[in-house]
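J.: This structure is in structure tokens; I'll ask about it shortly.
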Amino acid sequence: MQCVTSTAFGPAELLHRLRNRGTAAEVSPITHIERVPPRAGQAAPWPGWTDPTVRDAFTAQRIIAPWKHQAAAATLAWEGTHVVLATGTASGKSLAYQLPALSALARDPKATVLYLSPTKALAADQLRAIARLGLDGVRPATFDGDTPREEREWVRQHSRFVLTNPDMLHHSLLPGHARWGVFLRRLSYVVIDECHTYRGVFGSHVAHVLRRLRRAAARYGSSPTFILASATSGDPAGAASRLTGLPVTEVTEDTSPRGGVTFALWEPPLLPQSTLSLPAVSADSEFLDVELPPIRRSALRETADLLTDAVVAGTRTLAFVRSRRGAEVVASMTRRSLDEAVPGLGDRVAAYRAGYLREDRRAIERSLLSGELLGLASTNALELGVDLVGLDAVLICGYPGTRASLWQQAGRAGRAGGEALAVLIARDDPLDTYLVHHPEAVFGRPVEATVLDPSNPYVLGPQLCCAASEAPLTDADLELFGGEPAVAAAHALAGEGVLRRRPSGWYWTHRGRPDVDLRGTGGAPVAVVESSTGRLLGTVDHGSSHVMLHTGAVYLHQGVSYVVDELDLDDAIALVHQQEPDWTTHARDVTNLSVVNVRSYVDAGPVGLFLGEVDVTNQVVSYQRRRIGTGEVIDTKPLDLPVRELRTVAVWFTISPEALVAAGVEPADFPGALHAAEHAGIGLLPLIATCDRWDIGGLSTASHADTEAPTVFVYDGHPGGAGFAERAYGVAADWLRATREAISACVCEAGCPACVQSPKCGNGNNPLDKHAAVKVLDTVLAALPPSPGEARR
Ligand SMILES: [Zn+2]
Ligand SMILES: [Zn+2]
């Protein structure tokens with residue numbers, strides 16, 4: 001990091017220059033500047049219980065003392081309290097679990113520790129960190145799909161710190177628990193790293209895998225303490241308790257040091273009216289789908305301009321762009337404008353992506369550190385080497401989806417003791433629009449919670465089968481797996497002949513093990529395969545496959561564009577070829593919904609709010625091809641796909657027609673008003689729950705047979721629900737207020753992608769009435785009581 005080209009401008013001057021870029025008459029694109037002050041670290045003494053060999057090993061690594069939050073979480077865990085540490089990126093969460101876990105291993109030469117991470121790469125990092133400490137007798141080892149068979153035996157018998165993942169636990173360790181008996185008997189700690197990644201259906205499965213682990217440990221006589229590490233989120237203790245089924249105490253105060261950051265929220269300026277008919281820059285949206293010409297400059301173009309200015313100012317800057325194609329567009333636009341200014345200057349900017357060979361990536365990282373490169377456009381923080389810190393500025397093109405990712409990206413800026421600049425540039429998306437106008441949602445207490453729903457019957461049933469195949473389920477076990485719903489599920493499974501009830505418990509009746517995919521509910525995921533090479537590009541869950549992978553669909557994978565040649569539903573495979581057409585595809589579907597039951601409701605006079613089960617039938621019937629940029633419809637092609645049925649959980653609200661008319665919405669405008677409110681509501685859900693709009697479906701109608709009133713339904717897109725609708729119900733007033741504000745903050749005339757248009761609308765975004773939608777939401781908000789315990793202002 002030495003010999004860096006000296007920065008000509010500090011962050012404050014750079015920001016000043018950026019702000020003055022436009023003509024004086026323009027409204028400033030900066031909607032908010034937050035100064036995040038530098039923070040001095042607060043160290044704590046090594047807790048008295050720390051084993052001296054462990055303390056010495058850390059001091060040998062030049063860790064002189066823990067930070068206060070590390071010591072607090074570690075001490076809770078040492079005392080046997082299940083704990084979740086939810087603090088920022090690079091706040092040293094590892095030490096907080098290493099300290100009690102390694103001390104326990106030192107104290108009891110037979111004790112063992114199990115560490116779970118969502119990725120192999122993270123487990124490998126942790127393995128290196130623990131091995132580096134050089135502690136005798138710990139013998140840390142990874143146990144994952146890459147571990148050779150002959151090594152697995154050694155790991156089982158000798159390692160006392162096993163690093164693995166939930167899939168391995170599910171497929172290998174738990175079914176083979178007898179071979180792990182000695183390890184399980186001595187199990188003192190279970191560490192769950194990055195636990196916020198266990199959300200939705202996957203999180204619900206993992207919750208049961210952990211209950212199976214607790215049961216197996218108890219069977220061999222241990223009752224381990226759980227230590228969880230999480231990104232900052234709303235209610236980390238609640239999420240951790242749901243995940244483990246145990247009471248969990250949270251530690252959330254971050255006492256690690258950090259450099260100061262000036263953080264600007266940036267909304268690209270309005271386009272002059274005269275340019276509205278010009279094609280927009282393509283690839284701005286990850287969906288590559290534009291209904292109408294955008295009304296603001298594209299976030300990509302804006303990012304490229306800011307990167308250009310930053311490089312001219314001599315500032316080492318990293319721009320994060322959501323798609324790989326977008327990153328390359330930003331890099332090439334930046335290079336072009338730099339070369340126009342100073343021929344050759346463009347060479348100091350590059351694009352960076354996963355597809356590059358490792359050596360190429362290292363070379364790019366090195367030249368950025370040396371100052372040879374000044375600007376880089378990249379797809380994802382996680383693809384960057386851990387060395388790449390200490391940049392002067394970070395540009396974030398579009399909200400990356402969660403606060404955890406936002407802060408991870410912003411955290412790349414800042415040199416030791418120096419000041420850095422971060423800029424979030426809004427894309428035309430309702431959530432981005434909301435965030436740049438509501439800085440408290442970015443910088444205040446987080447409201448976005450990690451949601452999961454272990455009581456989902458489509459998860460619970462298969463998981464009970466797994467548990468029963470590992471050891472017969474007793475009535476006490478059913479309590480562990482959720483009580484009443486688990487008892488009902490066990491009876492249902494017995495009725496199907498899958499389980500058999502005997503006096504000693506419920507038995508799995510089949511020979512083999514149940515085949516359960518942790519990432520799905522019903523329906524095999526569809527494999528996306530490149531025809532010419534046979535390469536598996538990835539999988540798409542069964543539920544999304546008709547919309548995303550129908551024959552003729554343009555499918556984006558890591559920013560590369562493919563066209564689907566054939567979707568074979570029988571074999572769950574989609575054959576694709578690489579192609580970058582100048583059109584996008586847009587599936588049209590027909591959805592019907594009926595209410596099965598109501599779990600809970602709020603009667604608020606003319607307004608009703610409900611949570612319950614619904615049956616949704618959906619058929620993708622055709623798709624349109626639309627010209628990128630103009631949105632011009634090229635043609636509509638029919639599709640022959642079967643109707644699908646989904647039983648899931650929904651939140652819905654109803655409003656009496658009289659109340660709507662009183663609010664100034666004419667009956668003829670009901671459909672457009674409700675439809676617009678539905679779209680924006682789905683767009684804003686990620687504000688309160690870690691999901692994206694593809695996890696969610698919606699339906700709005702001026703009159704529904706089951707509710708007999710104008711109604712907006714928002715439902716979980718996974719069979720049995722994933723917890724998103726439930727979360728929305730719990731904080732409905734906050735959610736709908738944010739929705740209302742996102743729509744009203746948008747300056748467009750009649751609705752645009754930044755407010756009420758949706759990239760996944762099955763009705764071609766028609767009808768939509770944004771002004772009437774605000775009236776709908778005002779009516780609902782006036783009637784609804786505030787969200788319990790979630791008031792943010
Ligand atoms: Zn708009
Ligand atoms: Zn729609």
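Residues are referred to by chain and number: the chain letter is A, B, ... according to the order shown in the structure tokens, the number counts from 1 in that chain, and ligands are numbered separately from 1 in the order shown.
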Give the residue list for ligand 1 at 12 Å, counting only C-alpha atoms and all ligand atoms, as a ChimeraX atom specification, sorted by chain and then by residue number.
T.: /A:270,291-296,427-434,676,679-680,740-758,768-771,773
J.: Could you list, as a list of chain:residue names, all residues that come within 9 Å of ligand 2? Count only C-alpha atoms and all ligand atoms.
T.: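 Final answer, ordered by chain and number: A:His675, A:Ala676, A:Glu678, A:His679, A:Gly698, A:Leu699, A:Ser700, A:Gln757, A:Ser758, A:Pro759, A:Lys760, A:Cys761, A:Gly762, A:Asn763, A:Gly764, A:Asn765, A:Asn766, A:Pro767, A:Leu768.
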J.: Separation of atom CA of Glu250 of chain A and atom CA of Ser233 of chain A, in Å?
T.: 11.2 Å
J.: Identify, on the basis of only C-alpha atoms, every residue whose closest approach to Ile688 of chain A does not exceed 10 Å; exclude the query and any residue fewer than 2 positions from it along the same chain; express the result as JSON, numbers by chain.
T.: {"A": [233, 234, 402, 441, 446, 447, 448, 449, 450, 451, 684, 685, 686, 690, 691, 724, 727, 728, 731, 732, 734, 735, 738]}
J.: Skip Ala725 of chain A itself and residues of its chain fewer than 6 positions away, then list as a ChimeraX atom specification all residues within 12 Å of it, counting only C-alpha atoms.
T.: /A:200,451-453,599,609-614,648-653,681-682,685-686,688-691,695-698,713-718,731-732,735
